[in-house]
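*Asks:* File follows, query-v2.json with JSON, C-alpha atoms:
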[["chain", "number", "residue", "atom", "x", "y", "z"],
["A", 175, "MET", "CA", 2.79, -14.51, 3.04],
["A", 176, "LYS", "CA", 1.43, -12.61, 0.07],
["A", 177, "ILE", "CA", 1.42, -8.91, -0.66],
["A", 178, "ALA", "CA", -1.59, -8.08, -2.78],
["A", 179, "GLY", "CA", -3.80, -5.10, -3.27],
["A", 180, "ILE", "CA", -6.01, -2.92, -5.38],
["A", 181, "THR", "CA", -5.18, 0.47, -6.80],
["A", 182, "TYR", "CA", -7.26, 2.77, -8.93],
["A", 183, "GLN", "CA", -5.38, 4.71, -11.56],
["A", 184, "ASP", "CA", -6.74, 6.56, -14.57],
["A", 185, "GLY", "CA", -10.24, 5.30, -13.80],
["A", 186, "GLN", "CA", -9.18, 1.65, -13.85],
["A", 187, "THR", "CA", -9.01, -0.98, -11.13],
["A", 188, "ASN", "CA", -5.60, -2.66, -11.02],
["A", 189, "LEU", "CA", -4.74, -5.80, -9.07],
["A", 190, "LEU", "CA", -1.41, -5.41, -7.30],
["A", 191, "LEU", "CA", 0.92, -8.33, -6.54],
["A", 192, "LYS", "CA", 4.36, -8.04, -4.99],
["A", 193, "SER", "CA", 7.00, -10.51, -3.89],
["A", 194, "ASP", "CA", 7.66, -11.03, -0.18],
["A", 195, "SER", "CA", 11.05, -9.33, -0.67],
["A", 196, "SER", "CA", 9.13, -6.18, -1.63],
["A", 197, "LEU", "CA", 8.08, -5.75, 2.00],
["A", 198, "LEU", "CA", 10.09, -3.05, 3.78],
["A", 199, "VAL", "CA", 9.68, -2.88, 7.58],
["A", 200, "ASN", "CA", 11.39, -1.43, 10.65],
["A", 201, "LYS", "CA", 11.98, 1.97, 9.04],
["A", 202, "LYS", "CA", 14.57, 0.58, 6.64],
["A", 203, "PRO", "CA", 15.40, 2.83, 3.66],
["A", 204, "PHE", "CA", 14.22, 2.23, 0.11],
["A", 205, "TYR", "CA", 17.15, 2.03, -2.30],
["A", 206, "VAL", "CA", 16.36, 3.19, -5.83],
["A", 207, "PRO", "CA", 17.97, 0.70, -8.25],
["A", 208, "GLU", "CA", 20.82, 2.13, -10.32],
["A", 209, "ASP", "CA", 18.98, 1.57, -13.61],
["A", 210, "VAL", "CA", 15.85, 3.44, -12.45],
["A", 211, "THR", "CA", 15.64, 7.18, -13.06],
["A", 212, "ARG", "CA", 12.21, 7.94, -11.60],
["A", 213, "VAL", "CA", 10.08, 6.32, -8.92],
["A", 214, "VAL", "CA", 6.46, 7.09, -8.12],
["A", 215, "ALA", "CA", 4.95, 6.40, -4.70],
["A", 216, "TYR", "CA", 1.26, 5.73, -4.11],
["A", 217, "PRO", "CA", 0.03, 6.02, -0.51],
["A", 218, "CYS", "CA", -2.06, 3.05, 0.66],
["A", 219, "VAL", "CA", -3.92, 1.68, 3.62],
["A", 220, "VAL", "CA", -2.47, -1.73, 4.49],
["A", 221, "LEU", "CA", -4.65, -4.43, 6.05],
["A", 222, "ARG", "CA", -3.27, -7.47, 7.86],
["A", 223, "VAL", "CA", -5.21, -10.63, 7.06],
["A", 224, "CYS", "CA", -6.13, -12.82, 10.05],
["A", 225, "LYS", "CA", -8.19, -15.57, 8.47],
["A", 226, "LEU", "CA", -8.24, -17.86, 5.43],
["A", 227, "GLY", "CA", -10.79, -16.84, 2.80],
["A", 228, "LYS", "CA", -11.76, -17.08, -0.86],
["A", 229, "ASP", "CA", -14.48, -15.21, -2.78],
["A", 230, "ILE", "CA", -15.51, -13.23, 0.31],
["A", 231, "SER", "CA", -18.72, -11.21, 0.28],
["A", 232, "PRO", "CA", -18.16, -7.51, 1.15],
["A", 233, "ARG", "CA", -20.54, -7.78, 4.10],
["A", 234, "PHE", "CA", -18.28, -10.44, 5.70],
["A", 235, "ALA", "CA", -14.91, -8.99, 4.65],
["A", 236, "ARG", "CA", -14.28, -7.21, 7.97],
["A", 237, "ARG", "CA", -13.92, -10.62, 9.63],
["A", 238, "TYR", "CA", -10.79, -11.30, 7.52],
["A", 239, "TYR", "CA", -8.48, -8.49, 8.68],
["A", 240, "ASP", "CA", -7.54, -7.47, 12.20],
["A", 241, "ALA", "CA", -5.02, -4.62, 11.92],
["A", 242, "VAL", "CA", -4.32, -1.57, 9.78],
["A", 243, "THR", "CA", -1.42, 0.75, 8.96],
["A", 244, "ILE", "CA", -0.29, 2.97, 6.13],
["A", 245, "GLY", "CA", 2.25, 2.13, 3.48],
["A", 246, "LEU", "CA", 3.50, 2.93, 0.02],
["A", 247, "HIS", "CA", 3.21, 1.16, -3.31],
["A", 248, "ILE", "CA", 6.43, 2.22, -5.07],
["A", 249, "VAL", "CA", 6.71, 1.90, -8.85],
["A", 250, "ALA", "CA", 9.70, 2.38, -11.14],
["A", 251, "ALA", "CA", 7.99, 4.72, -13.60],
["A", 252, "ASP", "CA", 10.54, 4.36, -16.39],
["A", 253, "ARG", "CA", 10.45, 0.54, -16.20],
["A", 254, "LEU", "CA", 6.65, 0.66, -16.21],
["A", 255, "GLU", "CA", 6.53, 2.74, -19.40],
["A", 256, "GLU", "CA", 8.97, 0.34, -21.10],
["A", 257, "ALA", "CA", 6.88, -2.68, -20.04],
["A", 258, "LYS", "CA", 3.63, -1.08, -21.23],
["A", 259, "GLN", "CA", 5.09, -0.18, -24.62],
["A", 260, "ALA", "CA", 6.56, -3.65, -25.10],
["A", 261, "GLY", "CA", 3.41, -5.41, -23.89],
["A", 262, "GLN", "CA", 5.39, -7.10, -21.11],
["A", 263, "SER", "CA", 4.59, -7.90, -17.50],
["A", 264, "TRP", "CA", 4.71, -4.96, -15.09],
["A", 265, "VAL", "CA", 6.45, -7.05, -12.42],
["A", 266, "LYS", "CA", 9.90, -5.59, -13.04],
["A", 267, "ALA", "CA", 8.42, -2.13, -12.40],
["A", 268, "THR", "CA", 6.23, -2.89, -9.39],
["A", 269, "ALA", "CA", 7.43, -5.94, -7.46],
["A", 270, "PHE", "CA", 11.16, -5.55, -6.94],
["A", 271, "ASP", "CA", 12.82, -5.48, -3.51],
["A", 272, "GLY", "CA", 11.68, -2.84, -1.05],
["A", 273, "THR", "CA", 8.75, -1.44, -3.03],
["A", 274, "ALA", "CA", 6.23, -2.05, -0.23],
["A", 275, "PRO", "CA", 7.26, -0.08, 2.88],
["A", 276, "VAL", "CA", 4.73, -0.39, 5.72],
["A", 277, "GLY", "CA", 4.27, 1.33, 9.05],
["A", 278, "THR", "CA", 3.34, 0.10, 12.50],
["A", 279, "PHE", "CA", 0.18, -2.01, 12.56],
["A", 280, "PHE", "CA", -2.70, -1.04, 14.85],
["A", 281, "PRO", "CA", -5.27, -3.62, 15.93],
["A", 282, "LEU", "CA", -8.82, -2.80, 14.87],
["A", 283, "GLU", "CA", -11.52, -3.18, 17.48],
["A", 284, "ASP", "CA", -14.82, -4.83, 16.56],
["A", 285, "GLY", "CA", -16.84, -2.37, 14.54],
["A", 286, "GLU", "CA", -13.96, 0.07, 14.08],
["A", 287, "ASN", "CA", -13.99, 1.64, 10.62],
["A", 288, "VAL", "CA", -10.76, 1.93, 8.57],
["A", 289, "ALA", "CA", -11.87, 5.26, 7.05],
["A", 290, "GLU", "CA", -12.36, 6.74, 10.54],
["A", 291, "TRP", "CA", -8.97, 5.38, 11.65],
["A", 292, "LEU", "CA", -7.35, 7.01, 8.62],
["A", 293, "GLU", "CA", -8.85, 10.44, 9.43],
["A", 294, "GLY", "CA", -6.33, 10.81, 12.25],
["A", 295, "VAL", "CA", -3.33, 10.04, 10.02],
["A", 296, "GLN", "CA", -1.03, 12.65, 8.49],
["A", 297, "MET", "CA", 1.61, 11.70, 5.93],
["A", 298, "THR", "CA", 4.30, 14.09, 4.72],
["A", 299, "MET", "CA", 7.28, 14.04, 2.39],
["A", 300, "GLY", "CA", 10.08, 16.34, 3.51],
["A", 301, "GLU", "CA", 8.89, 19.36, 5.44],
["A", 302, "ASP", "CA", 6.45, 20.84, 2.95],
["A", 303, "THR", "CA", 4.58, 18.15, 1.01],
["A", 304, "ARG", "CA", 1.45, 16.86, 2.74],
["A", 305, "ILE", "CA", -0.07, 13.71, 1.30],
["A", 306, "ASN", "CA", -3.86, 13.43, 1.13],
["A", 307, "MET", "CA", -5.03, 10.50, 3.28],
["A", 308, "GLN", "CA", -8.70, 9.87, 2.48],
["A", 309, "MET", "CA", -10.28, 6.58, 1.53],
["A", 310, "GLN", "CA", -10.92, 6.28, -2.17],
["A", 311, "PHE", "CA", -13.29, 3.34, -1.77],
["A", 312, "ASP", "CA", -14.53, 0.85, 0.77],
["A", 313, "THR", "CA", -11.89, -1.51, 2.20],
["A", 314, "ASP", "CA", -14.39, -4.35, 2.57],
["A", 315, "GLN", "CA", -15.17, -4.10, -1.14],
["A", 316, "ALA", "CA", -11.41, -4.19, -1.86],
["A", 317, "VAL", "CA", -10.94, -7.34, 0.27],
["A", 318, "SER", "CA", -13.86, -8.93, -1.55],
["A", 319, "GLU", "CA", -12.41, -8.00, -4.95],
["A", 320, "ILE", "CA", -8.93, -9.37, -4.12],
["A", 321, "SER", "CA", -10.41, -12.61, -2.74],
["A", 322, "ARG", "CA", -12.22, -13.20, -6.04],
["A", 323, "TYR", "CA", -8.83, -13.80, -7.70],
["A", 324, "MET", "CA", -6.82, -15.45, -4.95],
["A", 325, "THR", "CA", -7.22, -17.08, -1.57],
["A", 326, "ILE", "CA", -6.10, -14.79, 1.24],
["A", 327, "ARG", "CA", -4.36, -16.29, 4.26],
["A", 328, "HIS", "CA", -3.36, -15.36, 7.80],
["A", 329, "GLY", "CA", -0.41, -12.96, 7.64],
["A", 330, "ASP", "CA", -1.03, -11.68, 4.10],
["A", 331, "MET", "CA", -0.96, -7.92, 3.61],
["A", 332, "LEU", "CA", -3.50, -6.18, 1.43],
["A", 333, "PHE", "CA", -2.64, -2.75, 0.04],
["A", 334, "VAL", "CA", -5.67, -0.56, -0.70],
["A", 335, "GLY", "CA", -5.04, 2.62, -2.67],
["A", 336, "ILE", "CA", -6.26, 5.86, -1.16],
["A", 337, "GLN", "CA", -7.48, 9.07, -2.71],
["A", 338, "GLY", "CA", -4.95, 11.61, -3.86],
["A", 339, "GLU", "CA", -2.14, 12.05, -6.26],
["A", 340, "ALA", "CA", 0.94, 9.90, -6.41],
["A", 341, "PHE", "CA", 4.13, 11.72, -5.56],
["A", 342, "LEU", "CA", 7.67, 11.62, -6.89],
["A", 343, "PRO", "CA", 10.18, 11.05, -4.10],
["A", 344, "LYS", "CA", 13.81, 11.85, -4.83],
["A", 345, "GLU", "CA", 17.05, 10.69, -3.28],
["A", 346, "ASN", "CA", 17.32, 11.68, 0.40],
["A", 347, "ASP", "CA", 13.60, 12.46, 0.75],
["A", 348, "SER", "CA", 11.99, 11.21, 3.95],
["A", 349, "ILE", "CA", 8.35, 10.17, 4.04],
["A", 350, "THR", "CA", 6.74, 10.11, 7.46],
["A", 351, "GLY", "CA", 3.36, 9.25, 8.90],
["A", 352, "MET", "CA", 1.83, 10.21, 12.23],
["A", 353, "ARG", "CA", -1.37, 9.38, 14.03],
["A", 354, "ALA", "CA", -2.40, 11.19, 17.19],
["A", 355, "GLU", "CA", 1.13, 12.56, 17.70],
["A", 356, "GLU", "CA", 2.64, 9.07, 17.37],
["A", 357, "ASP", "CA", 5.13, 8.17, 14.62],
["A", 358, "ILE", "CA", 3.67, 5.24, 12.68],
["A", 359, "PHE", "CA", 5.56, 5.33, 9.37],
["A", 360, "TYR", "CA", 9.02, 6.33, 8.15],
["A", 361, "CYS", "CA", 10.79, 5.67, 4.87],
["A", 362, "LYS", "CA", 13.99, 7.29, 3.62],
["A", 363, "ILE", "CA", 14.71, 7.23, -0.12],
["A", 364, "LYS", "CA", 18.35, 6.40, -0.88]]
Could the structure of this file be written out as structure tokens, please?
*Replies:*
Amino acid sequence: MKIAGITYQDGQTNLLLKSDSSLLVNKKPFYVPEDVTRVVAYPCVVLRVCKLGKDISPRFARRYYDAVTIGLHIVAADRLEEAKQAGQSWVKATAFDGTAPVGTFFPLEDGENVAEWLEGVQMTMGEDTRINMQMQFDTDQAVSEISRYMTIRHGDMLFVGIQGEAFLPKENDSITGMRAEEDIFYCKIK
């Protein structure tokens, strides 16, 4: 299983790769490493791949994923700045354990649109901070873009960045997601 994705930051498209140990499921908490002083969380739509594919055309991309949920792409901001300044790989800032919490997957019916599914989702941090949950770009285009660089396989998870600002969770913050009065996502920062 791979965890891959696309995020758009500062007007640039970034390919996202994470290790399988980055996946955080079953409402387990995210533990901030002791040497990290600041984490940044980017809300994402997460697609579950159901079919093998390479260099997929956007018009056929919908055939390659069968379920959707929301998740977070967590980055150690201080490690990222160090890596950028030193010209090193960003892996130590983006792909360490637990940096990809995901919610409950929902099967997509034929013809169901991810953007429409997302309209019914509300994500909050604590009691006051609401997180904007609107599609930034087309998910089929994102699947096509990812498949240009790597073969996607059954069981892979593709993170697609959504519109809105990243947020800065702190120790003991809880991030929750709901859809139609149903809890679909929970992550506690420890």
*Asks:* Rounded to one decimal in Å, what is the spacing between atom CA of Lys258 of chain A and atom CA of Ile349 of chain A?
*Replies:*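 Atom CA of Lys258 of chain A sits 28.1 Å away from atom CA of Ile349 of chain A.
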*Asks:* Please compute the atom CA of Arg233 of chain A-atom CA of Val317 of chain A distance, one decimal, in Å.
*Replies:*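 A separation of 10.3 Å between them.
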*Asks:* If we count all atoms listed in the file and set the cut-off at 9 Å, which residues sit around segment 293-306 of chain A, ignoring sequence neighbours fewer than 5 positions away in its own chain? Please answer as a PyMOL selection string.
*Replies:* chain A and resi 217+244+288+336-341+343+347-354+358-359
*Asks:* Which is closest to Tyr360 of chain A among A:Ala316, A:Val223, A:Leu198, A:Val242, if we use all atoms listed in the file?
*Replies:*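 Between A:Ala316, A:Val223, A:Leu198, A:Val242, the residue approaching Tyr360 of chain A most closely is A:Leu198.
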*Asks:* Go through A:Ala215, A:Leu292, A:Met324, A:Ala257 and flag the residue nearest Gln310 of chain A, using only C-alpha atoms for the distances.
*Replies:*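 The answer is A:Leu292, which sits nearest to Gln310 of chain A.
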*Asks:* From the set A:Thr187, A:Cys224, A:Lys192, A:Val210, which residue has the shortest atom-to-atom contact distance to Arg327 of chain A, counting only C-alpha atoms?
*Replies:*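 That would be A:Cys224, the residue with the smallest distance to Arg327 of chain A.
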*Asks:* Hey, which of A:Arg322, A:Arg212, A:Lys364, A:Arg253 ends up closest to Asp229 of chain A? Count all atoms listed in the file.
*Replies:*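 Smallest separation from Asp229 of chain A among the options: A:Arg322.
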*Asks:* Would you mind telling me which residue in A:Thr313, A:Ser321, A:Thr211, A:Ser193 lies nearest to Val334 of chain A when using only C-alpha atoms?
*Replies:*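 Among A:Thr313, A:Ser321, A:Thr211, A:Ser193, it is A:Thr313 that comes nearest to Val334 of chain A.
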*Asks:* Find, counting all atoms listed in the file, the residue in A:Val214, A:Leu191, A:Leu342, A:Ile326 that gets nearest to Ser263 of chain A.
*Replies:* A:Leu191
*Asks:* Please compute the atom CA of Asp284 of chain A-atom CA of Asp314 of chain A distance, one decimal, in Å.
*Replies:* 14.0 Å
*Asks:* Can you tell me which residues surround Ile177 of chain A at a distance of at most 9 Å, considering all atoms listed in the file, apart from same-chain residues fewer than 6 positions away, and format the answer as a PyMOL selection string?
*Replies:* chain A and resi 190-194+196-197+274+330-333
*Asks:* At a cut-off of 8 Å from (14.9, -7.1, -3.6) in the coordinates of the file, what residues are picked up using only C-alpha atoms, written as a list in words?
*Replies:*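 Neighbouring residues, ordered by chain and number, come to Ser195, Ser196, Phe270, Asp271 and Gly272 of chain A.
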*Asks:* Need to verify the contact set: Ala289 of chain A, 9 Å, only C-alpha atoms, exclusion of same-chain residues closer than 6 positions in sequence. Can you return it as a list in words?
*Replies:*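 Near Ala289 of chain A, the qualifying residues are Gln308, Met309, Asp312 and Thr313 of chain A.
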*Asks:* List as a list in words: which residues have an atom within 12 Å of (-6.7, -3.2, -10.3), counting all atoms listed in the file?
*Replies:* Ala178, Gly179, Ile180, Thr181, Tyr182, Gln183, Asp184, Gly185, Gln186, Thr187, Asn188, Leu189, Leu190, Leu191, Ala316, Glu319, Ile320, Tyr323, Phe333, Val334 and Gly335 of chain A
*Asks:* Write segment 318-342 of chain A as a JSON list (two decimals), in the frame of the given file, completed to N, CA, C and O atoms.
*Replies:*
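Once everything was written out, this is rebuild-v5.json:
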[["chain", "number", "residue", "atom", "x", "y", "z"],
["A", 318, "SER", "N", -13.01, -8.05, -0.76],
["A", 318, "SER", "CA", -13.86, -8.93, -1.55],
["A", 318, "SER", "C", -13.32, -9.08, -2.98],
["A", 318, "SER", "O", -13.23, -10.20, -3.50],
["A", 319, "GLU", "N", -12.92, -7.98, -3.58],
["A", 319, "GLU", "CA", -12.41, -8.00, -4.95],
["A", 319, "GLU", "C", -11.12, -8.83, -5.05],
["A", 319, "GLU", "O", -10.97, -9.66, -5.94],
["A", 320, "ILE", "N", -10.19, -8.61, -4.12],
["A", 320, "ILE", "CA", -8.93, -9.37, -4.12],
["A", 320, "ILE", "C", -9.21, -10.86, -3.95],
["A", 320, "ILE", "O", -8.62, -11.70, -4.64],
["A", 321, "SER", "N", -10.13, -11.20, -3.04],
["A", 321, "SER", "CA", -10.41, -12.61, -2.74],
["A", 321, "SER", "C", -11.13, -13.32, -3.89],
["A", 321, "SER", "O", -11.22, -14.54, -3.89],
["A", 322, "ARG", "N", -11.63, -12.58, -4.86],
["A", 322, "ARG", "CA", -12.22, -13.20, -6.04],
["A", 322, "ARG", "C", -11.13, -13.87, -6.89],
["A", 322, "ARG", "O", -11.39, -14.84, -7.60],
["A", 323, "TYR", "N", -9.91, -13.32, -6.84],
["A", 323, "TYR", "CA", -8.83, -13.80, -7.70],
["A", 323, "TYR", "C", -7.86, -14.73, -7.00],
["A", 323, "TYR", "O", -7.16, -15.49, -7.64],
["A", 324, "MET", "N", -7.77, -14.62, -5.68],
["A", 324, "MET", "CA", -6.82, -15.45, -4.95],
["A", 324, "MET", "C", -7.30, -15.67, -3.52],
["A", 324, "MET", "O", -7.99, -14.83, -2.96],
["A", 325, "THR", "N", -6.92, -16.80, -2.96],
["A", 325, "THR", "CA", -7.22, -17.08, -1.57],
["A", 325, "THR", "C", -6.32, -16.23, -0.69],
["A", 325, "THR", "O", -5.11, -16.17, -0.91],
["A", 326, "ILE", "N", -6.91, -15.56, 0.29],
["A", 326, "ILE", "CA", -6.10, -14.79, 1.24],
["A", 326, "ILE", "C", -5.90, -15.64, 2.49],
["A", 326, "ILE", "O", -6.75, -16.46, 2.85],
["A", 327, "ARG", "N", -4.73, -15.46, 3.11],
["A", 327, "ARG", "CA", -4.36, -16.29, 4.26],
["A", 327, "ARG", "C", -3.85, -15.44, 5.41],
["A", 327, "ARG", "O", -3.38, -14.31, 5.20],
["A", 328, "HIS", "N", -3.88, -16.02, 6.60],
["A", 328, "HIS", "CA", -3.36, -15.36, 7.80],
["A", 328, "HIS", "C", -1.95, -14.83, 7.53],
["A", 328, "HIS", "O", -1.10, -15.57, 7.05],
["A", 329, "GLY", "N", -1.73, -13.55, 7.82],
["A", 329, "GLY", "CA", -0.41, -12.96, 7.64],
["A", 329, "GLY", "C", -0.22, -12.22, 6.32],
["A", 329, "GLY", "O", 0.72, -11.44, 6.18],
["A", 330, "ASP", "N", -1.12, -12.43, 5.36],
["A", 330, "ASP", "CA", -1.03, -11.68, 4.10],
["A", 330, "ASP", "C", -1.26, -10.19, 4.38],
["A", 330, "ASP", "O", -1.92, -9.83, 5.36],
["A", 331, "MET", "N", -0.75, -9.37, 3.51],
["A", 331, "MET", "CA", -0.96, -7.92, 3.61],
["A", 331, "MET", "C", -1.65, -7.44, 2.35],
["A", 331, "MET", "O", -1.21, -7.76, 1.24],
["A", 332, "LEU", "N", -2.72, -6.70, 2.54],
["A", 332, "LEU", "CA", -3.50, -6.18, 1.43],
["A", 332, "LEU", "C", -3.36, -4.67, 1.37],
["A", 332, "LEU", "O", -3.72, -3.97, 2.31],
["A", 333, "PHE", "N", -2.82, -4.18, 0.26],
["A", 333, "PHE", "CA", -2.64, -2.75, 0.04],
["A", 333, "PHE", "C", -3.89, -2.22, -0.67],
["A", 333, "PHE", "O", -4.28, -2.74, -1.71],
["A", 334, "VAL", "N", -4.47, -1.17, -0.12],
["A", 334, "VAL", "CA", -5.67, -0.56, -0.70],
["A", 334, "VAL", "C", -5.34, 0.89, -1.00],
["A", 334, "VAL", "O", -5.05, 1.67, -0.08],
["A", 335, "GLY", "N", -5.36, 1.25, -2.27],
["A", 335, "GLY", "CA", -5.04, 2.62, -2.67],
["A", 335, "GLY", "C", -5.97, 3.63, -2.04],
["A", 335, "GLY", "O", -7.15, 3.35, -1.81],
["A", 336, "ILE", "N", -5.44, 4.80, -1.74],
["A", 336, "ILE", "CA", -6.26, 5.86, -1.16],
["A", 336, "ILE", "C", -6.32, 7.03, -2.12],
["A", 336, "ILE", "O", -5.56, 7.13, -3.07],
["A", 337, "GLN", "N", -7.26, 7.92, -1.84],
["A", 337, "GLN", "CA", -7.48, 9.07, -2.71],
["A", 337, "GLN", "C", -6.28, 10.00, -2.68],
["A", 337, "GLN", "O", -5.62, 10.17, -1.67],
["A", 338, "GLY", "N", -6.03, 10.64, -3.80],
["A", 338, "GLY", "CA", -4.95, 11.61, -3.86],
["A", 338, "GLY", "C", -3.95, 11.26, -4.93],
["A", 338, "GLY", "O", -3.94, 10.16, -5.48],
["A", 339, "GLU", "N", -3.14, 12.20, -5.21],
["A", 339, "GLU", "CA", -2.14, 12.05, -6.26],
["A", 339, "GLU", "C", -0.95, 11.24, -5.77],
["A", 339, "GLU", "O", -0.58, 11.29, -4.61],
["A", 340, "ALA", "N", -0.34, 10.54, -6.70],
["A", 340, "ALA", "CA", 0.94, 9.90, -6.41],
["A", 340, "ALA", "C", 1.97, 11.01, -6.29],
["A", 340, "ALA", "O", 1.74, 12.14, -6.72],
["A", 341, "PHE", "N", 3.08, 10.71, -5.67],
["A", 341, "PHE", "CA", 4.13, 11.72, -5.56],
["A", 341, "PHE", "C", 5.45, 11.13, -6.01],
["A", 341, "PHE", "O", 5.61, 9.93, -6.12],
["A", 342, "LEU", "N", 6.38, 12.01, -6.31],
["A", 342, "LEU", "CA", 7.67, 11.62, -6.89],
["A", 342, "LEU", "C", 8.79, 11.86, -5.88],
["A", 342, "LEU", "O", 9.39, 12.93, -5.85]]
